[in-house]
$ cat upload.cif   # mmCIF, C-alpha atoms and all ligand atoms
data_coords
#
loop_
_atom_site.label_atom_id
_atom_site.label_comp_id
_atom_site.auth_asym_id
_atom_site.auth_seq_id
_atom_site.Cartn_x
_atom_site.Cartn_y
_atom_site.Cartn_z
CA MET A 1 -5.35 -7.81 -13.93
CA ALA A 2 -8.48 -8.21 -11.83
CA SER A 3 -11.44 -6.22 -13.07
CA PRO A 4 -12.23 -3.05 -11.12
CA ASN A 5 -14.85 -3.31 -8.40
CA THR A 6 -18.20 -2.73 -10.14
CA MET A 7 -19.86 -1.32 -7.02
CA SER A 8 -17.91 1.93 -6.99
CA GLN A 9 -16.01 2.42 -10.20
CA ASP A 10 -15.71 6.14 -9.74
CA GLU A 11 -14.01 6.10 -6.33
CA ALA A 12 -10.69 4.54 -5.41
CA PHE A 13 -7.90 4.38 -2.88
CA VAL A 14 -4.57 5.08 -4.58
CA THR A 15 -1.03 4.36 -3.43
CA LEU A 16 2.46 4.48 -4.92
CA ALA A 17 5.37 2.02 -4.99
CA THR A 18 8.40 2.90 -7.11
CA ASN A 19 10.37 -0.16 -6.02
CA ASP A 20 9.93 -3.68 -4.65
CA VAL A 21 10.50 -2.62 -1.06
CA TYR A 22 7.73 -0.04 -0.97
CA ALA A 23 5.59 -2.57 -2.86
CA LYS A 24 5.59 -4.68 0.33
CA GLY A 25 4.01 -1.76 2.12
CA ALA A 26 1.52 -1.20 -0.71
CA LEU A 27 0.40 -4.85 -0.54
CA VAL A 28 -0.10 -4.74 3.23
CA LEU A 29 -2.00 -1.45 2.94
CA ALA A 30 -4.34 -2.93 0.31
CA GLU A 31 -4.92 -6.06 2.38
CA SER A 32 -5.69 -3.93 5.44
CA LEU A 33 -8.29 -1.91 3.49
CA LYS A 34 -9.85 -5.15 2.24
CA ARG A 35 -9.83 -6.67 5.71
CA HIS A 36 -11.97 -3.75 6.87
CA GLY A 37 -14.44 -4.21 4.03
CA THR A 38 -13.77 -1.33 1.67
CA THR A 39 -16.11 -1.16 -1.34
CA LYS A 40 -13.77 1.15 -3.27
CA ASP A 41 -11.34 0.24 -6.03
CA LEU A 42 -7.69 -0.16 -5.08
CA ILE A 43 -5.09 1.38 -7.39
CA VAL A 44 -1.31 1.21 -7.16
CA MET A 45 0.91 3.44 -9.28
CA THR A 46 4.26 1.82 -10.07
CA THR A 47 7.31 2.67 -12.13
CA PRO A 48 9.39 0.45 -14.43
CA GLN A 49 11.85 -0.27 -11.56
CA ILE A 50 9.40 -2.79 -10.07
CA SER A 51 10.40 -6.37 -10.79
CA HIS A 52 8.19 -8.58 -12.88
CA SER A 53 7.28 -10.94 -10.04
CA VAL A 54 6.37 -8.11 -7.66
CA ARG A 55 4.26 -6.51 -10.36
CA SER A 56 2.38 -9.81 -10.70
CA ALA A 57 1.79 -9.81 -6.94
CA LEU A 58 0.42 -6.26 -7.13
CA GLU A 59 -1.87 -7.37 -9.96
CA CYS A 60 -3.27 -10.14 -7.75
CA VAL A 61 -4.17 -7.73 -4.96
CA PHE A 62 -5.04 -4.38 -6.59
CA ASP A 63 -7.88 -3.66 -9.02
CA VAL A 64 -5.60 -1.47 -11.15
CA VAL A 65 -1.80 -1.42 -11.47
CA LYS A 66 -0.91 1.79 -13.26
CA LEU A 67 2.54 2.25 -14.73
CA VAL A 68 3.78 5.85 -14.48
CA ASN A 69 7.14 7.51 -15.08
CA VAL A 70 9.28 8.66 -12.18
CA LEU A 71 8.97 12.32 -11.28
CA ASP A 72 11.88 13.41 -9.11
CA SER A 73 12.43 16.83 -7.56
CA LYS A 74 16.22 16.14 -7.42
CA ASP A 75 16.21 18.82 -4.73
CA GLU A 76 18.97 17.47 -2.53
CA ALA A 77 19.40 20.66 -0.53
CA HIS A 78 15.87 20.65 0.92
CA LEU A 79 15.69 16.88 1.22
CA THR A 80 18.93 16.84 3.20
CA LEU A 81 17.47 19.40 5.58
CA MET A 82 14.69 16.90 6.20
CA LYS A 83 17.34 14.11 6.56
CA ARG A 84 15.52 12.11 3.84
CA PRO A 85 17.56 12.43 0.62
CA GLU A 86 15.59 9.54 -0.92
CA LEU A 87 12.24 11.38 -1.03
CA GLY A 88 12.67 13.34 -4.29
CA VAL A 89 10.81 10.54 -6.08
CA THR A 90 7.69 11.29 -4.04
CA PHE A 91 6.89 13.82 -6.79
CA THR A 92 5.76 10.66 -8.63
CA LYS A 93 2.68 10.78 -6.35
CA LEU A 94 1.44 13.72 -8.40
CA HIS A 95 0.45 11.32 -11.19
CA CYS A 96 -2.58 10.47 -9.06
CA TRP A 97 -4.30 13.55 -10.51
CA THR A 98 -4.19 11.88 -13.94
CA LEU A 99 -6.55 9.07 -12.85
CA THR A 100 -9.46 10.84 -14.50
CA GLU A 101 -11.53 7.64 -14.94
CA TYR A 102 -12.31 8.22 -11.25
CA ARG A 103 -14.46 11.00 -9.82
CA LYS A 104 -12.87 11.08 -6.39
CA CYS A 105 -9.91 9.31 -4.79
CA VAL A 106 -8.03 9.01 -1.52
CA PHE A 107 -4.26 8.83 -1.79
CA MET A 108 -2.47 6.82 0.92
CA ASP A 109 1.28 6.37 1.39
CA ALA A 110 2.54 2.79 1.07
CA ASP A 111 3.76 2.99 4.68
CA MET A 112 0.21 3.23 6.05
CA LEU A 113 -2.06 0.60 7.59
CA ALA A 114 -5.85 0.83 7.90
CA LEU A 115 -7.16 -0.31 11.28
CA GLN A 116 -10.82 0.42 10.50
CA ASN A 117 -13.02 0.98 7.45
CA VAL A 118 -12.41 4.55 6.23
CA ASP A 119 -14.72 4.68 3.18
CA GLU A 120 -16.44 7.71 4.72
CA LEU A 121 -13.41 9.74 3.59
CA PHE A 122 -15.01 9.90 0.13
CA GLU A 123 -17.63 12.27 1.56
CA ARG A 124 -14.88 14.88 1.96
CA GLU A 125 -13.81 17.43 -0.64
CA GLU A 126 -10.45 18.12 -2.31
CA LEU A 127 -8.05 18.72 -0.66
CA SER A 128 -8.79 17.18 2.71
CA ALA A 129 -5.95 15.92 4.88
CA SER A 130 -4.74 15.75 8.49
CA ARG A 131 -2.26 18.08 10.11
CA ASP A 132 1.42 17.31 9.98
CA SER A 133 2.62 16.64 13.50
CA GLY A 134 5.99 18.30 12.78
CA TRP A 135 4.35 21.56 11.61
CA PRO A 136 0.60 21.55 12.30
CA ASP A 137 -0.19 24.58 10.09
CA ILE A 138 0.43 22.37 7.06
CA PHE A 139 -1.09 19.03 6.13
CA ASN A 140 0.70 15.73 5.97
CA SER A 141 0.59 14.41 2.42
CA GLY A 142 0.58 10.74 3.48
CA LEU A 143 -3.23 10.67 3.12
CA PHE A 144 -5.39 13.13 1.19
CA VAL A 145 -8.75 13.25 -0.54
CA PHE A 146 -8.53 14.59 -4.10
CA LYS A 147 -10.35 14.91 -7.40
CA PRO A 148 -8.41 13.68 -10.44
CA SER A 149 -8.05 16.43 -13.05
CA LEU A 150 -5.48 16.96 -15.80
CA GLU A 151 -5.79 20.69 -15.29
CA THR A 152 -4.86 20.41 -11.59
CA PHE A 153 -2.03 18.04 -12.50
CA SER A 154 -0.49 20.48 -14.94
CA LYS A 155 -0.94 23.44 -12.59
CA ILE A 156 0.85 21.58 -9.76
CA LEU A 157 3.69 20.65 -12.13
CA GLY A 158 3.84 24.28 -13.26
CA LEU A 159 4.23 25.40 -9.65
CA ALA A 160 6.99 22.80 -9.17
CA GLU A 161 8.86 24.23 -12.14
CA ASP A 162 8.41 27.83 -11.03
CA GLU A 163 9.01 27.53 -7.29
CA GLY A 164 10.10 23.97 -6.45
CA SER A 165 9.10 22.43 -3.13
CA PHE A 166 10.12 23.79 0.27
CA ASP A 167 10.84 20.27 1.58
CA GLY A 168 12.05 18.80 -1.71
CA GLY A 169 9.16 16.29 -1.70
CA ASP A 170 5.48 16.31 -2.63
CA GLN A 171 4.35 17.55 0.79
CA GLY A 172 6.03 20.95 0.45
CA LEU A 173 4.75 21.40 -3.09
CA LEU A 174 1.17 20.33 -2.33
CA ASN A 175 0.99 22.59 0.70
CA SER A 176 2.08 25.53 -1.45
CA TYR A 177 -0.51 24.65 -4.11
CA PHE A 178 -3.37 24.03 -1.64
CA SER A 179 -2.22 26.82 0.66
CA ASP A 180 -5.81 27.72 1.65
CA TRP A 181 -6.07 24.36 3.48
CA SER A 182 -4.62 25.92 6.63
CA THR A 183 -7.55 28.33 7.05
CA ASP A 184 -10.35 26.01 5.87
CA ILE A 185 -11.19 23.82 8.84
CA SER A 186 -13.79 21.85 6.83
CA ARG A 187 -10.91 20.21 4.99
CA HIS A 188 -9.00 19.23 8.13
CA LEU A 189 -9.29 15.51 8.77
CA PRO A 190 -8.94 14.19 12.32
CA PHE A 191 -5.43 13.08 13.25
CA LEU A 192 -6.81 9.53 13.70
CA TYR A 193 -6.92 9.20 9.88
CA ASN A 194 -3.16 9.70 9.70
CA LEU A 195 -1.74 8.88 13.10
CA HIS A 196 1.99 9.37 12.90
CA ILE A 197 3.71 6.48 14.61
CA THR A 198 6.05 9.02 16.20
CA ALA A 199 3.11 10.33 18.29
CA SER A 200 3.42 7.21 20.41
CA TYR A 201 6.51 8.71 21.99
CA THR A 202 6.28 12.45 21.31
CA TYR A 203 2.94 12.72 23.15
CA MET A 204 2.51 9.48 25.05
CA PRO A 205 -0.43 10.50 27.34
CA ALA A 206 -2.57 11.57 24.34
CA PHE A 207 -1.58 8.42 22.52
CA LYS A 208 -2.65 6.33 25.53
CA LYS A 209 -6.00 8.12 25.73
CA PHE A 210 -6.93 8.23 22.03
CA GLY A 211 -4.62 5.73 20.32
CA GLN A 212 -7.06 2.82 20.44
CA GLU A 213 -9.44 4.80 18.17
CA THR A 214 -6.84 5.07 15.40
CA LYS A 215 -8.27 4.57 11.92
CA VAL A 216 -5.05 4.70 9.89
CA VAL A 217 -1.53 4.48 11.23
CA HIS A 218 1.33 6.09 9.29
CA PHE A 219 4.81 4.60 9.77
CA LEU A 220 6.33 7.95 8.89
CA GLY A 221 10.10 8.35 9.12
CA ALA A 222 13.18 6.54 7.91
CA VAL A 223 12.47 3.26 9.71
CA LYS A 224 9.61 1.28 8.20
CA PRO A 225 7.83 -1.93 9.28
CA TRP A 226 9.84 -3.93 6.72
CA HIS A 227 13.04 -2.98 8.58
CA TYR A 228 11.89 -5.21 11.46
CA SER A 229 11.68 -8.92 11.85
CA TYR A 230 8.73 -10.56 13.51
CA ASP A 231 8.63 -13.43 15.96
CA LYS A 232 5.08 -14.65 15.78
CA SER A 233 5.28 -17.05 18.73
CA ALA A 234 6.61 -14.32 21.04
CA SER A 235 4.40 -11.67 19.38
CA ALA A 236 7.46 -9.41 19.18
CA VAL A 237 9.21 -7.27 16.59
CA THR A 238 12.91 -6.37 16.47
CA GLN A 239 14.59 -3.85 14.20
CA THR A 240 17.03 -5.72 11.97
CA ASP A 241 17.60 -3.29 9.11
CA GLY A 242 17.41 0.41 8.16
CA PRO A 243 18.85 3.46 9.97
CA CYS A 244 19.86 2.75 13.58
CA ASN A 245 18.29 4.31 16.67
CA GLN A 246 15.37 5.80 14.81
CA GLY A 247 12.93 2.96 15.27
CA ASN A 248 9.46 3.15 16.75
CA HIS A 249 9.86 0.59 19.50
CA HIS A 250 7.58 2.20 22.02
CA PHE A 251 4.26 0.82 20.89
CA PRO A 252 4.86 -2.33 18.92
CA GLN A 253 1.19 -3.29 18.46
CA PHE A 254 0.89 -1.48 15.12
CA LEU A 255 4.07 -3.09 13.85
CA ILE A 256 2.76 -6.48 14.97
CA GLU A 257 -0.51 -5.84 13.13
CA TRP A 258 1.43 -4.89 9.98
CA TRP A 259 3.55 -8.03 10.24
CA SER A 260 0.65 -10.37 10.87
CA ILE A 261 -1.01 -9.15 7.63
CA TYR A 262 2.31 -9.37 5.80
CA GLU A 263 2.90 -12.94 6.95
CA GLU A 264 -0.62 -14.10 6.31
CA LYS A 265 -1.27 -12.44 2.96
CA CYS A 266 1.89 -11.06 1.34
CA GLN A 267 5.06 -12.92 2.34
CA ARG A 268 4.42 -15.68 -0.19
CA TYR A 269 5.03 -13.21 -3.02
CA PHE A 270 8.53 -12.46 -1.73
CA SER A 271 9.92 -15.84 -0.73
CA SER A 272 12.50 -16.89 -3.30
CA GLU A 273 11.56 -20.52 -2.77
CA PRO A 274 7.99 -21.53 -2.07
CA GLU A 275 7.82 -23.28 1.29
CA LEU A 276 6.18 -26.66 1.24
CA VAL A 277 6.34 -27.83 4.82
CA SER A 278 2.81 -27.70 6.12
CA GLU A 279 3.71 -26.81 9.73
CA ASN A 280 5.07 -23.51 8.43
CA SER A 281 2.27 -20.92 8.46
CA SER A 282 3.14 -19.26 5.15
CA ALA A 283 3.36 -22.65 3.47
CA CYS A 284 -0.18 -23.32 4.62
CA VAL A 285 -1.33 -20.09 3.06
CA ILE A 286 0.21 -21.01 -0.26
CA SER A 287 -1.31 -24.45 -0.15
CA HIS A 288 -4.68 -23.03 0.78
CA ASP A 289 -4.62 -20.67 -2.16
CA LEU A 290 -3.67 -23.38 -4.56
CA HIS A 291 -6.43 -25.47 -3.11
CA ALA A 292 -8.93 -22.72 -3.76
CA ASN A 293 -7.72 -22.15 -7.28
CA ASP A 294 -6.79 -25.58 -8.51
CA GLY A 295 -9.16 -27.80 -6.61
CA LEU A 296 -6.29 -29.82 -5.13
CA GLN A 297 -6.21 -31.16 -1.61
CA VAL A 298 -3.82 -29.36 0.75
CA GLU A 299 -2.27 -32.65 1.90
CA GLU A 300 -1.71 -33.70 -1.67
CA ILE A 301 0.31 -30.55 -2.34
CA ALA A 302 2.32 -30.87 0.85
CA THR A 303 3.26 -34.45 0.19
CA ASN A 304 3.27 -34.99 -3.56
CA LEU A 305 4.55 -31.87 -5.26
CA THR A 306 8.17 -30.89 -5.67
CA LYS A 307 9.24 -27.29 -5.14
CA ASP A 308 9.57 -26.82 -8.89
CA ALA A 309 6.06 -28.10 -9.43
CA LEU A 310 4.68 -25.80 -6.79
CA GLN A 311 6.59 -22.87 -8.26
CA GLU A 312 5.15 -23.70 -11.69
CA ARG A 313 1.62 -23.86 -10.23
CA TRP A 314 2.16 -20.52 -8.55
CA GLU A 315 3.33 -18.92 -11.78
CA HIS A 316 0.47 -20.53 -13.64
CA LYS A 317 -1.98 -19.06 -11.15
CA ASN A 318 -0.43 -15.59 -11.68
CA ARG A 319 -0.65 -15.98 -15.46
CA TRP A 320 -4.28 -17.08 -15.21
CA GLU A 321 -5.23 -14.19 -12.88
CA SER A 322 -3.57 -11.63 -15.12
CA GLY A 323 -5.66 -12.85 -18.08
CA ASN A 324 -2.79 -14.68 -19.71
CA VAL A 325 -4.68 -17.85 -20.54
CA ASP A 326 -3.09 -20.59 -22.63
CA TYR A 327 -6.19 -22.13 -24.24
CA ARG A 328 -4.19 -24.54 -26.36
CA GLY A 329 -1.83 -25.74 -23.66
CA ASP A 330 -2.15 -25.84 -19.86
CA ASP A 331 -5.56 -24.17 -19.89
CA LYS A 332 -7.17 -26.26 -22.61
CA PHE A 333 -10.79 -27.21 -22.08
CA GLU A 334 -10.07 -30.78 -20.90
CA ASN A 335 -7.78 -29.52 -18.13
CA ILE A 336 -10.30 -26.95 -16.92
CA GLN A 337 -12.98 -29.65 -16.98
CA ALA A 338 -10.74 -31.98 -14.93
CA VAL A 339 -10.27 -29.30 -12.26
CA LEU A 340 -14.00 -28.60 -12.16
CA ASP A 341 -14.64 -32.33 -11.74
CA THR A 342 -12.60 -32.36 -8.54
CA TYR A 343 -15.16 -29.98 -7.01
CA LEU A 344 -18.14 -32.24 -7.84
N1 LIG B 401 7.78 6.14 -2.16
C1 LIG B 401 8.13 5.20 -3.11
N2 LIG B 401 9.46 4.95 -3.33
C2 LIG B 401 10.46 5.57 -2.63
C3 LIG B 401 10.09 6.51 -1.65
C4 LIG B 401 8.74 6.76 -1.43
O1 LIG B 401 7.28 4.59 -3.75
O2 LIG B 401 11.64 5.29 -2.89
C5 LIG B 401 6.34 6.44 -1.98
C6 LIG B 401 5.62 5.49 -1.02
O3 LIG B 401 4.25 5.43 -1.34
C7 LIG B 401 5.83 6.21 0.29
C8 LIG B 401 5.62 7.66 -0.13
O4 LIG B 401 6.21 7.74 -1.43
O5 LIG B 401 4.95 5.78 1.31
C9 LIG B 401 6.25 8.72 0.78
O6 LIG B 401 7.50 8.27 1.27
P1 LIG B 401 7.66 7.86 2.79
O7 LIG B 401 6.42 7.20 3.26
O8 LIG B 401 8.94 7.07 2.92
O9 LIG B 401 7.83 9.27 3.48
P2 LIG B 401 7.49 9.61 5.04
O10 LIG B 401 6.01 9.45 5.18
O11 LIG B 401 8.29 8.66 5.88
O12 LIG B 401 7.94 11.01 5.17
C1 LIG B 402 6.21 13.68 4.43
C2 LIG B 402 5.03 12.80 4.14
C3 LIG B 402 5.19 12.00 2.91
C4 LIG B 402 5.80 12.85 1.82
C5 LIG B 402 7.15 13.36 2.25
C6 LIG B 402 7.86 14.18 1.18
O1 LIG B 402 6.87 13.41 5.58
O2 LIG B 402 4.72 11.92 5.20
O3 LIG B 402 3.94 11.50 2.55
O4 LIG B 402 5.90 12.06 0.65
O5 LIG B 402 6.99 14.14 3.40
O6 LIG B 402 7.31 15.46 0.98
MN MN B 403 4.80 7.89 4.57
#
$ encode --input "upload.cif" --output "structure tokens" --more "lines below"
Ligand code: UDP
Ligand code: GLC
Ligand code: MN
Amino acid sequence: MASPNTMSQDEAFVTLATNDVYAKGALVLAESLKRHGTTKDLIVMTTPQISHSVRSALECVFDVVKLVNVLDSKDEAHLTLMKRPELGVTFTKLHCWTLTEYRKCVFMDADMLALQNVDELFEREELSASRDSGWPDIFNSGLFVFKPSLETFSKILGLAEDEGSFDGGDQGLLNSYFSDWSTDISRHLPFLYNLHITASYTYMPAFKKFGQETKVVHFLGAVKPWHYSYDKSASAVTQTDGPCNQGNHHFPQFLIEWWSIYEEKCQRYFSSEPELVSENSSACVISHDLHANDGLQVEEIATNLTKDALQERWEHKNRWESGNVDYRGDDKFENIQAVLDTYL
């Protein structure tokens, strides 16, 4: 695991991925925050359902990968009303209050994308959040500023046991717990910090006027960016998976932004076979990374290494980055010295 960012150890962005699919979103979110120069730590909470290889990918990108147990509301009645029976597991988000090594954090859903630096959010108090576009007297729990505290954690769980959640997910529960949010305007964040992708067609004129100032876009709803495929040369996205006729086709630029980060930074973690052909863009990224880490020439990798060898190098890199160093074997002093020599 990479060591936490020493500049700001007491503040962090936190997200959640309980499975490999949402982990794609978490990786893109983290890369988007980095692209816009965050100085905060990046934390992802995961559950044991995450595969080993995806966990390694998360460890490459996040400062902290925290394993938590699944909390599930199992409240099918309310979740069905919302047409999202899968969202009971969003109770797992509540574990973010247990991150007491941190003074203040910002939780962000894994289906969000930062389009600007948003570190100024740490100047806000608990619980700050933007309005929910479906019911603006409550906040949307896709992004919120909070203060880790075991006391708050246990009080929220207590409320869940006593009253449940009116939507079956974390948003209903958190709005009941922080019910004074609605009357405290100082804790209302601008909508631009949690722009619901649906706003691009529910209120098109406002979206046209203000949309270019968006700080964080939220791909809220059943259809997510990973349900699309991306044609880079045509700069176009097409829905190829997920529930039909619920896509967000109207303004594809956010989806294209998501996909360009995914292709450039994250796809390599998900390809079953590493691609070697150098004209392929993702293959170039892999080669480039190996170049940076192993001191090998890109051309040498593209021409001389077999797929198995590249796979082995990739796994070796993951082992090395997660602190799993084999000092007597692959990572013995002579081998490290040989790599260093290639730089001189
Ligand atoms: N989530 C998860 N696994 C799931 C469902 C949700 O990890 O199976 C997490 C993930 O961080 C996701 C958040 O919970 O972004 C809330 O779910 P989602 O974004 O799908 O809800 P929406 O914002 O569309 O209502
Ligand atoms: C909402 C929020 C999401 C939350 C879900 C369940 O639509 O966008 O963050 O997890 O409801 O309450
Ligand atoms: Mn979401």
$ closest_residue --input "upload.cif" --among "A:Glu161, A:Met82, A:His52, A:Thr90" --to "Ala110 (chain A)" --atoms "only C-alpha atoms"
A:Thr90
$ closest_residue --input "upload.cif" --among "A:Lys147, A:Lys83, A:His196, A:Arg187" --to "Ser128 (chain A)" --atoms "all atoms listed in the file"
A:Arg187
$ axis_aligned_box --input "upload.cif" --around "ligand LIG 402 (chain B)" --padding-each-side "4 Å" --output "lines of an AutoDock Vina configuration file"
center_x = 5.9
center_y = 13.5
center_z = 3.1
size_x = 11.9
size_y = 12.0
size_z = 12.9
$ closest_atom_pairs --input "upload.cif" --of "chain A" --to "ligand LIG 401 (chain B)" --cutoff "7 Å" --atoms "only C-alpha atoms and all ligand atoms" --output "JSON lines"
{"residue": "A:Thr15", "atom": "CA", "partner": "B:LIG401", "partner_atom": "O3", "distance": 5.8}
{"residue": "A:Leu16", "atom": "CA", "partner": "B:LIG401", "partner_atom": "O3", "distance": 4.1}
{"residue": "A:Ala17", "atom": "CA", "partner": "B:LIG401", "partner_atom": "O1", "distance": 3.4}
{"residue": "A:Thr18", "atom": "CA", "partner": "B:LIG401", "partner_atom": "O1", "distance": 3.9}
{"residue": "A:Asn19", "atom": "CA", "partner": "B:LIG401", "partner_atom": "N2", "distance": 5.8}
{"residue": "A:Tyr22", "atom": "CA", "partner": "B:LIG401", "partner_atom": "O1", "distance": 5.4}
{"residue": "A:Glu86", "atom": "CA", "partner": "B:LIG401", "partner_atom": "O2", "distance": 6.1}
{"residue": "A:Leu87", "atom": "CA", "partner": "B:LIG401", "partner_atom": "C3", "distance": 5.4}
{"residue": "A:Val89", "atom": "CA", "partner": "B:LIG401", "partner_atom": "C3", "distance": 6.0}
{"residue": "A:Thr90", "atom": "CA", "partner": "B:LIG401", "partner_atom": "O4", "distance": 4.6}
{"residue": "A:Lys93", "atom": "CA", "partner": "B:LIG401", "partner_atom": "O4", "distance": 6.8}
{"residue": "A:Asp109", "atom": "CA", "partner": "B:LIG401", "partner_atom": "O5", "distance": 3.7}
{"residue": "A:Ala110", "atom": "CA", "partner": "B:LIG401", "partner_atom": "O5", "distance": 3.8}
{"residue": "A:Asp111", "atom": "CA", "partner": "B:LIG401", "partner_atom": "O5", "distance": 4.5}
{"residue": "A:Gly142", "atom": "CA", "partner": "B:LIG401", "partner_atom": "O10", "distance": 5.8}
{"residue": "A:Phe219", "atom": "CA", "partner": "B:LIG401", "partner_atom": "O11", "distance": 6.6}
{"residue": "A:Leu220", "atom": "CA", "partner": "B:LIG401", "partner_atom": "O11", "distance": 3.7}
{"residue": "A:Gly221", "atom": "CA", "partner": "B:LIG401", "partner_atom": "O11", "distance": 3.7}
{"residue": "A:Ala222", "atom": "CA", "partner": "B:LIG401", "partner_atom": "O11", "distance": 5.7}
$ write_last_selection --input "upload.cif" --atoms "C-alpha atoms" --output "PDB file, in the frame of the given file"
ATOM      1  CA  THR A  15      -1.030   4.360  -3.430  1.00  0.00           C
ATOM      2  CA  LEU A  16       2.460   4.480  -4.920  1.00  0.00           C
ATOM      3  CA  ALA A  17       5.370   2.020  -4.990  1.00  0.00           C
ATOM      4  CA  THR A  18       8.400   2.900  -7.110  1.00  0.00           C
ATOM      5  CA  ASN A  19      10.370  -0.160  -6.020  1.00  0.00           C
ATOM      6  CA  TYR A  22       7.730  -0.040  -0.970  1.00  0.00           C
ATOM      7  CA  GLU A  86      15.590   9.540  -0.920  1.00  0.00           C
ATOM      8  CA  LEU A  87      12.240  11.380  -1.030  1.00  0.00           C
ATOM      9  CA  VAL A  89      10.810  10.540  -6.080  1.00  0.00           C
ATOM     10  CA  THR A  90       7.690  11.290  -4.040  1.00  0.00           C
ATOM     11  CA  LYS A  93       2.680  10.780  -6.350  1.00  0.00           C
ATOM     12  CA  ASP A 109       1.280   6.370   1.390  1.00  0.00           C
ATOM     13  CA  ALA A 110       2.540   2.790   1.070  1.00  0.00           C
ATOM     14  CA  ASP A 111       3.760   2.990   4.680  1.00  0.00           C
ATOM     15  CA  GLY A 142       0.580  10.740   3.480  1.00  0.00           C
ATOM     16  CA  PHE A 219       4.810   4.600   9.770  1.00  0.00           C
ATOM     17  CA  LEU A 220       6.330   7.950   8.890  1.00  0.00           C
ATOM     18  CA  GLY A 221      10.100   8.350   9.120  1.00  0.00           C
ATOM     19  CA  ALA A 222      13.180   6.540   7.910  1.00  0.00           C
TER      20      ALA A 222
END
$ atom_distance --input "upload.cif" --atom1 "CA of Ser51 (chain A)" --atom2 "CA of Tyr262 (chain A)"
18.7 Å
$ closest_residue --input "upload.cif" --among "A:Glu120, A:Leu27, A:Arg55, A:Trp135" --to "ligand LIG 402 (chain B)" --atoms "all atoms listed in the file"
A:Trp135
$ closest_residue --input "upload.cif" --among "A:Phe146, A:Phe251, A:Trp259, A:Phe166" --to "Leu81 (chain A)" --atoms "only C-alpha atoms"
A:Phe166
$ closest_residue --input "upload.cif" --among "A:Leu157, A:Val65, A:Leu173, A:Val118" --to "ligand LIG 402 (chain B)" --atoms "all atoms listed in the file"
A:Leu173
$ atom_distance --input "upload.cif" --atom1 "CA of Leu189 (chain A)" --atom2 "CA of Asp162 (chain A)"
29.3 Å
$ closest_residue --input "upload.cif" --among "A:Tyr230, A:Phe122, A:Phe144, A:Phe62" --to "ligand MN 403 (chain B)" --atoms "all atoms listed in the file"
A:Phe144
$ residues_around --input "upload.cif" --residues "Asp170 (chain A)" --least-positions-apart "6" --cutoff "12 Å" --atoms "only C-alpha atoms" --output "tab-separated table (two decimals) with C-alpha atoms, keeping the file's coordinate frame"
chain	number	residue	atom	x	y	z
A	71	LEU	CA	8.97	12.32	-11.28
A	72	ASP	CA	11.88	13.41	-9.11
A	73	SER	CA	12.43	16.83	-7.56
A	74	LYS	CA	16.22	16.14	-7.42
A	75	ASP	CA	16.21	18.82	-4.73
A	78	HIS	CA	15.87	20.65	0.92
A	79	LEU	CA	15.69	16.88	1.22
A	87	LEU	CA	12.24	11.38	-1.03
A	88	GLY	CA	12.67	13.34	-4.29
A	89	VAL	CA	10.81	10.54	-6.08
A	90	THR	CA	7.69	11.29	-4.04
A	91	PHE	CA	6.89	13.82	-6.79
A	92	THR	CA	5.76	10.66	-8.63
A	93	LYS	CA	2.68	10.78	-6.35
A	94	LEU	CA	1.44	13.72	-8.40
A	95	HIS	CA	0.45	11.32	-11.19
A	96	CYS	CA	-2.58	10.47	-9.06
A	109	ASP	CA	1.28	6.37	1.39
A	139	PHE	CA	-1.09	19.03	6.13
A	140	ASN	CA	0.70	15.73	5.97
A	141	SER	CA	0.59	14.41	2.42
A	142	GLY	CA	0.58	10.74	3.48
A	143	LEU	CA	-3.23	10.67	3.12
A	144	PHE	CA	-5.39	13.13	1.19
A	156	ILE	CA	0.85	21.58	-9.76
A	157	LEU	CA	3.69	20.65	-12.13
A	159	LEU	CA	4.23	25.40	-9.65
A	160	ALA	CA	6.99	22.80	-9.17
A	164	GLY	CA	10.10	23.97	-6.45
A	176	SER	CA	2.08	25.53	-1.45
A	177	TYR	CA	-0.51	24.65	-4.11
A	178	PHE	CA	-3.37	24.03	-1.64
